[in-house]
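K.L.:
my_file19.cif is reproduced in full below (mmCIF, C-alpha atoms).
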```
data_target
loop_
_atom_site.group_PDB
_atom_site.id
_atom_site.type_symbol
_atom_site.label_atom_id
_atom_site.label_comp_id
_atom_site.auth_asym_id
_atom_site.auth_seq_id
_atom_site.Cartn_x
_atom_site.Cartn_y
_atom_site.Cartn_z
ATOM 1 C CA MET A 1 127.742 -23.695 157.499
ATOM 2 C CA ILE A 2 129.357 -26.151 159.883
ATOM 3 C CA GLN A 3 130.947 -28.990 157.916
ATOM 4 C CA ARG A 4 131.757 -31.399 160.726
ATOM 5 C CA GLY A 5 130.022 -31.215 164.087
ATOM 6 C CA HIS A 6 132.379 -31.141 167.063
ATOM 7 C CA HIS A 7 130.792 -34.337 168.457
ATOM 8 C CA ASP A 8 131.196 -36.172 165.119
ATOM 9 C CA MET A 9 134.774 -37.199 165.893
ATOM 10 C CA GLY A 10 134.962 -40.698 164.396
ATOM 11 C CA GLY A 11 138.437 -41.254 162.923
ATOM 12 C CA LEU A 12 140.067 -38.252 164.620
ATOM 13 C CA ASP A 13 142.880 -38.587 167.131
ATOM 14 C CA ALA A 14 141.391 -38.457 170.624
ATOM 15 C CA GLY A 15 144.078 -39.964 172.851
ATOM 16 C CA LYS A 16 143.745 -43.040 174.992
ATOM 17 C CA VAL A 17 140.332 -44.167 176.243
ATOM 18 C CA GLU A 18 140.343 -44.228 180.042
ATOM 19 C CA ARG A 19 138.235 -47.172 181.186
ATOM 20 C CA THR A 20 137.077 -46.467 184.736
ATOM 21 C CA GLU A 21 134.117 -47.670 186.775
ATOM 22 C CA HIS A 22 132.424 -45.257 189.116
ATOM 23 C CA ASP A 23 129.396 -45.057 191.359
ATOM 24 C CA TYR A 24 126.711 -42.686 190.205
ATOM 25 C CA ALA A 25 126.110 -39.627 192.359
ATOM 26 C CA GLY A 26 122.585 -38.962 193.616
ATOM 27 C CA TRP A 27 122.056 -36.124 191.138
ATOM 28 C CA GLU A 28 123.196 -38.345 188.260
ATOM 29 C CA ARG A 29 120.576 -40.943 189.193
ATOM 30 C CA ARG A 30 117.928 -38.224 189.335
ATOM 31 C CA VAL A 31 118.911 -36.937 185.888
ATOM 32 C CA ASP A 32 118.665 -40.477 184.512
ATOM 33 C CA ALA A 33 115.218 -40.908 186.084
ATOM 34 C CA LEU A 34 114.014 -37.579 184.645
ATOM 35 C CA VAL A 35 115.175 -38.567 181.160
ATOM 36 C CA MET A 36 113.443 -41.960 181.461
ATOM 37 C CA LEU A 37 110.226 -40.195 182.520
ATOM 38 C CA MET A 38 110.501 -37.881 179.502
ATOM 39 C CA ARG A 39 110.938 -40.920 177.220
ATOM 40 C CA ARG A 40 107.342 -41.756 178.178
ATOM 41 C CA HIS A 41 106.452 -38.380 176.715
ATOM 42 C CA ARG A 42 108.067 -39.273 173.404
ATOM 43 C CA LEU A 43 111.490 -37.883 174.177
ATOM 44 C CA THR A 44 113.751 -39.756 171.750
ATOM 45 C CA VAL A 45 117.468 -40.335 171.959
ATOM 46 C CA ASP A 46 117.704 -38.238 168.790
ATOM 47 C CA GLU A 47 116.139 -35.219 170.498
ATOM 48 C CA SER A 48 118.487 -35.647 173.480
ATOM 49 C CA ARG A 49 121.469 -35.941 171.158
ATOM 50 C CA LYS A 50 120.419 -32.844 169.168
ATOM 51 C CA ASN A 51 120.665 -30.738 172.319
ATOM 52 C CA ILE A 52 123.945 -32.351 173.410
ATOM 53 C CA GLU A 53 125.420 -31.756 169.947
ATOM 54 C CA ALA A 54 124.392 -28.093 170.216
ATOM 55 C CA LEU A 55 126.719 -27.564 173.196
ATOM 56 C CA PRO A 56 129.700 -25.310 172.451
ATOM 57 C CA PRO A 57 132.791 -27.486 171.711
ATOM 58 C CA GLU A 58 134.564 -26.261 174.853
ATOM 59 C CA ALA A 59 131.572 -27.244 177.023
ATOM 60 C CA TYR A 60 131.132 -30.569 175.203
ATOM 61 C CA ASP A 61 134.737 -31.505 176.067
ATOM 62 C CA ARG A 62 134.683 -30.186 179.642
ATOM 63 C CA MET A 63 131.341 -31.538 180.860
ATOM 64 C CA SER A 64 130.868 -35.019 182.266
ATOM 65 C CA TYR A 65 128.420 -37.499 180.766
ATOM 66 C CA TYR A 66 125.493 -36.598 183.040
ATOM 67 C CA GLU A 67 126.333 -32.896 182.945
ATOM 68 C CA ARG A 68 125.732 -33.099 179.193
ATOM 69 C CA TRP A 69 122.530 -35.037 179.821
ATOM 70 C CA VAL A 70 121.119 -32.480 182.250
ATOM 71 C CA ALA A 71 122.054 -29.573 179.973
ATOM 72 C CA SER A 72 120.249 -31.344 177.119
ATOM 73 C CA LEU A 73 117.237 -32.150 179.318
ATOM 74 C CA ALA A 74 116.910 -28.508 180.378
ATOM 75 C CA GLN A 75 116.839 -27.451 176.696
ATOM 76 C CA THR A 76 114.203 -30.086 175.933
ATOM 77 C CA LEU A 77 111.972 -28.967 178.818
ATOM 78 C CA ILE A 78 112.195 -25.354 177.593
ATOM 79 C CA GLN A 79 111.668 -26.262 173.914
ATOM 80 C CA ARG A 80 108.601 -28.340 174.796
ATOM 81 C CA GLY A 81 107.123 -25.567 176.921
ATOM 82 C CA ILE A 82 107.159 -27.648 180.125
ATOM 83 C CA VAL A 83 109.161 -24.971 181.931
ATOM 84 C CA THR A 84 110.344 -21.511 180.951
ATOM 85 C CA SER A 85 113.945 -20.293 180.916
ATOM 86 C CA ASP A 86 112.946 -17.841 183.643
ATOM 87 C CA GLU A 87 111.604 -20.615 185.898
ATOM 88 C CA ILE A 88 114.768 -22.703 185.512
ATOM 89 C CA GLY A 89 116.966 -19.634 185.945
ATOM 90 C CA ARG A 90 115.279 -18.554 189.181
ATOM 91 C CA LYS A 91 115.356 -22.093 190.573
ATOM 92 C CA MET A 92 119.090 -22.306 189.786
ATOM 93 C CA GLU A 93 119.610 -19.046 191.714
ATOM 94 C CA ASP A 94 117.702 -20.498 194.695
ATOM 95 C CA VAL A 95 119.811 -23.657 194.673
ATOM 96 C CA CYS A 96 123.054 -21.664 194.459
ATOM 97 C CA LYS A 97 121.997 -19.594 197.495
ATOM 98 C CA ARG A 98 121.120 -22.776 199.378
ATOM 99 C CA ASN A 99 124.651 -24.080 198.857
ATOM 100 C CA THR A 100 126.513 -20.961 199.992
ATOM 101 C CA MET B 1 127.072 -62.743 163.774
ATOM 102 C CA GLN B 2 123.878 -61.749 161.996
ATOM 103 C CA ALA B 3 122.304 -58.617 163.476
ATOM 104 C CA GLN B 4 118.539 -58.767 163.903
ATOM 105 C CA TYR B 5 116.455 -55.759 162.959
ATOM 106 C CA VAL B 6 113.019 -55.388 164.523
ATOM 107 C CA THR B 7 110.699 -52.763 163.109
ATOM 108 C CA HIS B 8 106.934 -52.361 163.225
ATOM 109 C CA TYR B 9 106.814 -49.756 160.493
ATOM 110 C CA PRO B 10 105.672 -50.608 156.941
ATOM 111 C CA LEU B 11 107.925 -49.884 153.959
ATOM 112 C CA GLN B 12 105.906 -47.005 152.512
ATOM 113 C CA GLU B 13 108.842 -45.517 150.641
ATOM 114 C CA LYS B 14 110.059 -47.778 147.845
ATOM 115 C CA PRO B 15 113.508 -49.281 148.533
ATOM 116 C CA LEU B 16 115.825 -48.084 145.757
ATOM 117 C CA PHE B 17 118.717 -50.492 146.373
ATOM 118 C CA GLU B 18 119.225 -54.242 146.536
ATOM 119 C CA ALA B 19 121.735 -56.358 148.434
ATOM 120 C CA GLY B 20 125.054 -56.412 146.564
ATOM 121 C CA GLU B 21 124.479 -53.096 144.805
ATOM 122 C CA ARG B 22 127.252 -50.460 144.894
ATOM 123 C CA VAL B 23 126.266 -47.171 146.511
ATOM 124 C CA ARG B 24 127.942 -43.951 147.547
ATOM 125 C CA VAL B 25 127.163 -42.003 150.716
ATOM 126 C CA ARG B 26 126.121 -38.455 149.862
ATOM 127 C CA ASN B 27 128.834 -35.931 150.621
ATOM 128 C CA ALA B 28 126.571 -33.454 152.382
ATOM 129 C CA ALA B 29 126.643 -31.475 155.608
ATOM 130 C CA PRO B 30 123.088 -30.351 156.386
ATOM 131 C CA PRO B 31 122.314 -28.672 159.699
ATOM 132 C CA GLY B 32 120.429 -30.581 162.385
ATOM 133 C CA HIS B 33 120.898 -33.948 164.073
ATOM 134 C CA ILE B 34 122.491 -36.287 161.517
ATOM 135 C CA ARG B 35 123.094 -39.995 162.086
ATOM 136 C CA THR B 36 125.369 -40.485 159.070
ATOM 137 C CA PRO B 37 128.926 -40.214 160.450
ATOM 138 C CA PHE B 38 131.032 -37.472 158.893
ATOM 139 C CA TYR B 39 133.917 -39.822 158.124
ATOM 140 C CA ILE B 40 131.824 -42.065 155.870
ATOM 141 C CA ARG B 41 130.300 -39.302 153.715
ATOM 142 C CA GLY B 42 131.523 -39.525 150.136
ATOM 143 C CA CYS B 43 132.663 -43.152 150.564
ATOM 144 C CA ALA B 44 131.490 -45.968 148.276
ATOM 145 C CA GLY B 45 130.347 -49.339 149.590
ATOM 146 C CA GLU B 46 127.987 -52.209 148.948
ATOM 147 C CA ILE B 47 124.460 -52.815 150.234
ATOM 148 C CA GLU B 48 124.673 -55.721 152.680
ATOM 149 C CA ARG B 49 120.922 -55.834 153.305
ATOM 150 C CA LEU B 50 117.759 -53.799 153.668
ATOM 151 C CA CYS B 51 117.044 -53.587 157.416
ATOM 152 C CA GLY B 52 113.460 -52.348 157.067
ATOM 153 C CA ALA B 53 111.801 -48.984 157.616
ATOM 154 C CA PHE B 54 112.556 -46.843 160.654
ATOM 155 C CA PRO B 55 111.366 -43.359 161.701
ATOM 156 C CA ASN B 56 113.699 -40.671 160.401
ATOM 157 C CA PRO B 57 116.008 -39.651 163.297
ATOM 158 C CA GLU B 58 116.580 -36.248 161.687
ATOM 159 C CA GLU B 59 112.864 -35.552 162.204
ATOM 160 C CA LEU B 60 112.587 -37.292 165.587
ATOM 161 C CA ALA B 61 115.296 -34.970 166.877
ATOM 162 C CA GLN B 62 113.066 -31.993 166.008
ATOM 163 C CA MET B 63 110.139 -33.345 168.064
ATOM 164 C CA ARG B 64 108.238 -34.703 165.050
ATOM 165 C CA ASP B 65 107.166 -38.319 164.488
ATOM 166 C CA GLY B 66 109.713 -39.141 161.752
ATOM 167 C CA LEU B 67 106.998 -40.757 159.612
ATOM 168 C CA PRO B 68 106.701 -42.135 157.021
ATOM 169 C CA ALA B 69 109.467 -44.449 158.192
ATOM 170 C CA LYS B 70 112.520 -44.449 155.915
ATOM 171 C CA PRO B 71 114.253 -47.474 154.388
ATOM 172 C CA LEU B 72 117.423 -48.240 156.340
ATOM 173 C CA TYR B 73 120.278 -50.295 154.909
ATOM 174 C CA ARG B 74 123.303 -52.010 156.332
ATOM 175 C CA VAL B 75 126.139 -50.873 154.060
ATOM 176 C CA ARG B 76 129.501 -52.630 153.878
ATOM 177 C CA PHE B 77 132.678 -50.655 153.206
ATOM 178 C CA ALA B 78 136.240 -51.864 152.698
ATOM 179 C CA GLN B 79 138.311 -50.404 155.533
ATOM 180 C CA LYS B 80 141.050 -49.477 153.039
ATOM 181 C CA ASP B 81 138.486 -47.366 151.153
ATOM 182 C CA VAL B 82 137.491 -45.495 154.317
ATOM 183 C CA TRP B 83 140.909 -44.838 155.883
ATOM 184 C CA PRO B 84 143.643 -43.817 153.414
ATOM 185 C CA ASP B 85 146.400 -45.034 155.784
ATOM 186 C CA TYR B 86 144.693 -48.293 156.783
ATOM 187 C CA LYS B 87 147.324 -50.904 157.635
ATOM 188 C CA GLY B 88 145.123 -53.915 158.400
ATOM 189 C CA SER B 89 144.073 -56.706 156.068
ATOM 190 C CA PRO B 90 142.658 -55.584 152.717
ATOM 191 C CA ALA B 91 139.774 -57.978 153.462
ATOM 192 C CA ASP B 92 138.678 -55.975 156.552
ATOM 193 C CA VAL B 93 135.251 -54.378 156.267
ATOM 194 C CA LEU B 94 133.182 -51.849 158.168
ATOM 195 C CA GLU B 95 129.368 -52.045 158.283
ATOM 196 C CA ILE B 96 127.168 -49.044 159.073
ATOM 197 C CA GLU B 97 123.396 -48.595 159.056
ATOM 198 C CA ILE B 98 122.552 -45.727 156.715
ATOM 199 C CA PHE B 99 119.174 -44.342 155.659
ATOM 200 C CA GLN B 100 118.162 -44.404 151.990
ATOM 201 C CA HIS B 101 118.083 -40.611 151.633
ATOM 202 C CA TRP B 102 121.831 -40.550 152.372
ATOM 203 C CA LEU B 103 122.685 -43.013 149.573
ATOM 204 C CA GLU B 104 123.052 -42.667 145.820
ATOM 205 C CA LYS B 105 124.011 -44.998 142.980
ATOM 206 C CA THR B 106 127.710 -45.014 142.122
#
```
The structure in this file should be written as structure tokens.
P.N.:
Amino acid sequence: MIQRGHHDMGGLDAGKVERTEHDYAGWERRVDALVMLMRRHRLTVDESRKNIEALPPEAYDRMSYYERWVASLAQTLIQRGIVTSDEIGRKMEDVCKRNT
Amino acid sequence: MQAQYVTHYPLQEKPLFEAGERVRVRNAAPPGHIRTPFYIRGCAGEIERLCGAFPNPEELAQMRDGLPAKPLYRVRFAQKDVWPDYKGSPADVLEIEIFQHWLEKT
């Protein structure tokens, strides 16, 4: 079993905290709006955190705040049966093609 | 500053601890979404107050309602008991909200 979750880092050395302000990108605002909409469907912060905490440690460290949010949201939508993995996967392929 | 706790859930589960009582945080590592920080597990502290009953976050995380709501306490720890190399004042304390099912009598 896992003793200490990767996210559960209280008390460990983590270097200096970089305090920076930044404007939110359009996609980050959309992710926030989607999460707020899901809160109306009983999405709790605990459910969101469960899926963020399930990220592999390497991904947890590499991803930005809203990248973690959108990864968690995608898991929630699949787990709740709102979309299927196949639907998300095909849409992601479409978007990738659009950007090349 | 006194924190205010607002809850609309009744205390269905009997509170087992009173303010001032010594408790120890269970030294456990169950799977799932756990709100009890790893660093505080196994540490002993004192009940500062009963905050009321709140839905169990471990159940909420799994898309269930977390009811009946669980007694939640504010627990006070001496910093020197939490961090072996603590160099601040011996009077410094740390307060954490911890659910009843994570606490046991010392």
K.L.:
Which residues, written as a PyMOL selection string, have at least one atom at most 8 Å from Cys51 of chain B, with all atoms listed in the file counted and residues fewer than 5 positions away on the same chain left out?
P.N.:
chain B and resi 5+71-74
K.L.:
How close does chain B get to chain A? List, as a tab-separated table, each residue of chain B within 10 Å, its nearest atom pair and the distance in Å to one decimal, counting all atoms listed in the file.
P.N.:
```
residue	atom	partner	partner_atom	distance
B:Ala28	CA	A:Gln3	CA	8.3
B:Ala29	CA	A:Gln3	CA	5.5
B:Pro30	CA	A:Gln3	CA	8.1
B:Pro31	CA	A:Ile2	CA	7.5
B:Gly32	CA	A:Lys50	CA	7.2
B:His33	CA	A:Lys50	CA	5.2
B:Ile34	CA	A:Lys50	CA	8.6
B:Arg35	CA	A:Asp46	CA	8.8
B:Thr36	CA	A:Asp8	CA	9.4
B:Pro37	CA	A:Asp8	CA	6.6
B:Phe38	CA	A:Asp8	CA	6.4
B:Tyr39	CA	A:Gly10	CA	6.4
B:Ile40	CA	A:Gly10	CA	9.2
B:Asn56	CA	A:Asp46	CA	9.6
B:Pro57	CA	A:Asp46	CA	5.9
B:Glu58	CA	A:Asp46	CA	7.5
B:Glu59	CA	A:Asp46	CA	8.6
B:Leu60	CA	A:Asp46	CA	6.1
B:Ala61	CA	A:Glu47	CA	3.7
B:Gln62	CA	A:Glu47	CA	6.3
B:Met63	CA	A:Glu47	CA	6.7
B:Arg64	CA	A:Arg42	CA	9.5
B:Asp65	CA	A:Arg42	CA	9.0
B:Val82	CA	A:Gly11	CA	9.6
B:Trp83	CA	A:Gly11	CA	8.3
```
K.L.:
Residues at most 10 Å from Val6 of chain B, counting all atoms listed in the file, excluding those fewer than 2 positions away in the same chain, as an mmCIF file with C-alpha atoms, keeping the file's coordinate frame?
P.N.:
```
data_model
loop_
_atom_site.group_PDB
_atom_site.id
_atom_site.type_symbol
_atom_site.label_atom_id
_atom_site.label_comp_id
_atom_site.auth_asym_id
_atom_site.auth_seq_id
_atom_site.Cartn_x
_atom_site.Cartn_y
_atom_site.Cartn_z
ATOM 1 C CA ALA B 3 122.304 -58.617 163.476
ATOM 2 C CA GLN B 4 118.539 -58.767 163.903
ATOM 3 C CA HIS B 8 106.934 -52.361 163.225
ATOM 4 C CA TYR B 9 106.814 -49.756 160.493
ATOM 5 C CA CYS B 51 117.044 -53.587 157.416
ATOM 6 C CA GLY B 52 113.460 -52.348 157.067
ATOM 7 C CA ALA B 53 111.801 -48.984 157.616
ATOM 8 C CA PHE B 54 112.556 -46.843 160.654
#
```
K.L.:
Would you work out the distance separating atom CA of Gly66 of chain B from atom CA of Lys14 of chain B, expressed in Å to one decimal?
P.N.:
16.4 Å
K.L.:
Interatomic distance between atom CA of Pro68 of chain B and atom CA of Gln100 of chain B?
P.N.:
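Atom-to-atom, atom CA of Pro68 of chain B and atom CA of Gln100 of chain B are spaced 12.7 Å apart.
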K.L.:
Can you sort out the box for segment 42-56 of chain B, edges along x, y and z, all listed atoms in, 5 Å on every side, with centre and edge lengths in Å to one decimal, as lines of an AutoDock Vina configuration file?
P.N.:
```
center_x = 122.0
center_y = -47.7
center_z = 155.0
size_x = 31.3
size_y = 26.3
size_z = 23.4
```
K.L.:
How many Å lie between atom CA of Glu21 of chain B and atom CA of Phe77 of chain B, rounded to one decimal?
P.N.:
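Between atom CA of Glu21 of chain B and atom CA of Phe77 of chain B the gap works out to 12.0 Å.
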K.L.:
Go through the shown structure with the PyMOL selection byres ((chain B and resi 93) around 6) and write out the matching residues as a PDB file with C-alpha atoms, in the coordinates of the input.
P.N.:
```pdb
ATOM      1  CA  PHE B  77     132.678 -50.655 153.206  1.00  0.00           C
ATOM      2  CA  ALA B  78     136.240 -51.864 152.698  1.00  0.00           C
ATOM      3  CA  GLN B  79     138.311 -50.404 155.533  1.00  0.00           C
ATOM      4  CA  ASP B  92     138.678 -55.975 156.552  1.00  0.00           C
ATOM      5  CA  LEU B  94     133.182 -51.849 158.168  1.00  0.00           C
TER       6      LEU B  94
END
```
K.L.:
Of the residues B:Gln12, B:Ala19, B:Arg41, B:Glu46, which is the one nearest to Thr106 of chain B, using all atoms listed in the file?
P.N.:
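The shortest atom-to-atom distance to Thr106 of chain B comes from B:Glu46.
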K.L.:
Excluding Leu73 of chain A and any residue of its chain fewer than 2 positions from it, enumerate the residues within 9 Å of it, using all atoms listed in the file, and give them as a list in words.
P.N.:
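In the requested form, the answer reads Val31, Leu34, Val35, Met38, Ser48, Asn51, Ile52, Arg68, Trp69, Val70, Ala71, Gln75, Thr76, Leu77 and Ile78 of chain A.
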K.L.:
Counting all atoms listed in the file, figure out which residue out of A:Asp61, A:His7, A:Glu87, A:Tyr66 gets nearest to Gly26 of chain A.
P.N.:
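Counting all atoms listed in the file, the residue closest to Gly26 of chain A is A:Tyr66.
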K.L.:
Is it possible to add N, CA and C atoms to segment 72-83 of chain B and hand it back as a short mmCIF file (atom, residue, chain, number, x, y, z; two decimals), in the frame of the given file?
P.N.:
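Wrote it out as result_3.cif, contents follow:
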```
data_model
loop_
_atom_site.label_atom_id
_atom_site.label_comp_id
_atom_site.auth_asym_id
_atom_site.auth_seq_id
_atom_site.Cartn_x
_atom_site.Cartn_y
_atom_site.Cartn_z
N LEU B 72 116.08 -48.27 155.73
CA LEU B 72 117.42 -48.24 156.34
C LEU B 72 118.20 -49.44 155.81
N TYR B 73 119.44 -49.22 155.44
CA TYR B 73 120.28 -50.30 154.91
C TYR B 73 121.49 -50.50 155.80
N ARG B 74 121.97 -51.75 155.79
CA ARG B 74 123.30 -52.01 156.33
C ARG B 74 124.24 -51.96 155.13
N VAL B 75 125.23 -51.07 155.19
CA VAL B 75 126.14 -50.87 154.06
C VAL B 75 127.54 -51.32 154.48
N ARG B 76 128.17 -52.08 153.59
CA ARG B 76 129.50 -52.63 153.88
C ARG B 76 130.57 -51.86 153.10
N PHE B 77 131.57 -51.41 153.82
CA PHE B 77 132.68 -50.66 153.21
C PHE B 77 133.98 -51.41 153.44
N ALA B 78 134.89 -51.34 152.48
CA ALA B 78 136.24 -51.86 152.70
C ALA B 78 136.98 -50.85 153.56
N GLN B 79 137.60 -51.32 154.63
CA GLN B 79 138.31 -50.40 155.53
C GLN B 79 139.35 -49.57 154.77
N LYS B 80 140.01 -50.20 153.79
CA LYS B 80 141.05 -49.48 153.04
C LYS B 80 140.46 -48.36 152.19
N ASP B 81 139.14 -48.45 151.90
CA ASP B 81 138.49 -47.37 151.15
C ASP B 81 138.09 -46.21 152.07
N VAL B 82 137.95 -46.52 153.37
CA VAL B 82 137.49 -45.50 154.32
C VAL B 82 138.66 -44.72 154.90
N TRP B 83 139.73 -45.46 155.25
CA TRP B 83 140.91 -44.84 155.88
C TRP B 83 142.10 -44.93 154.93
#
```
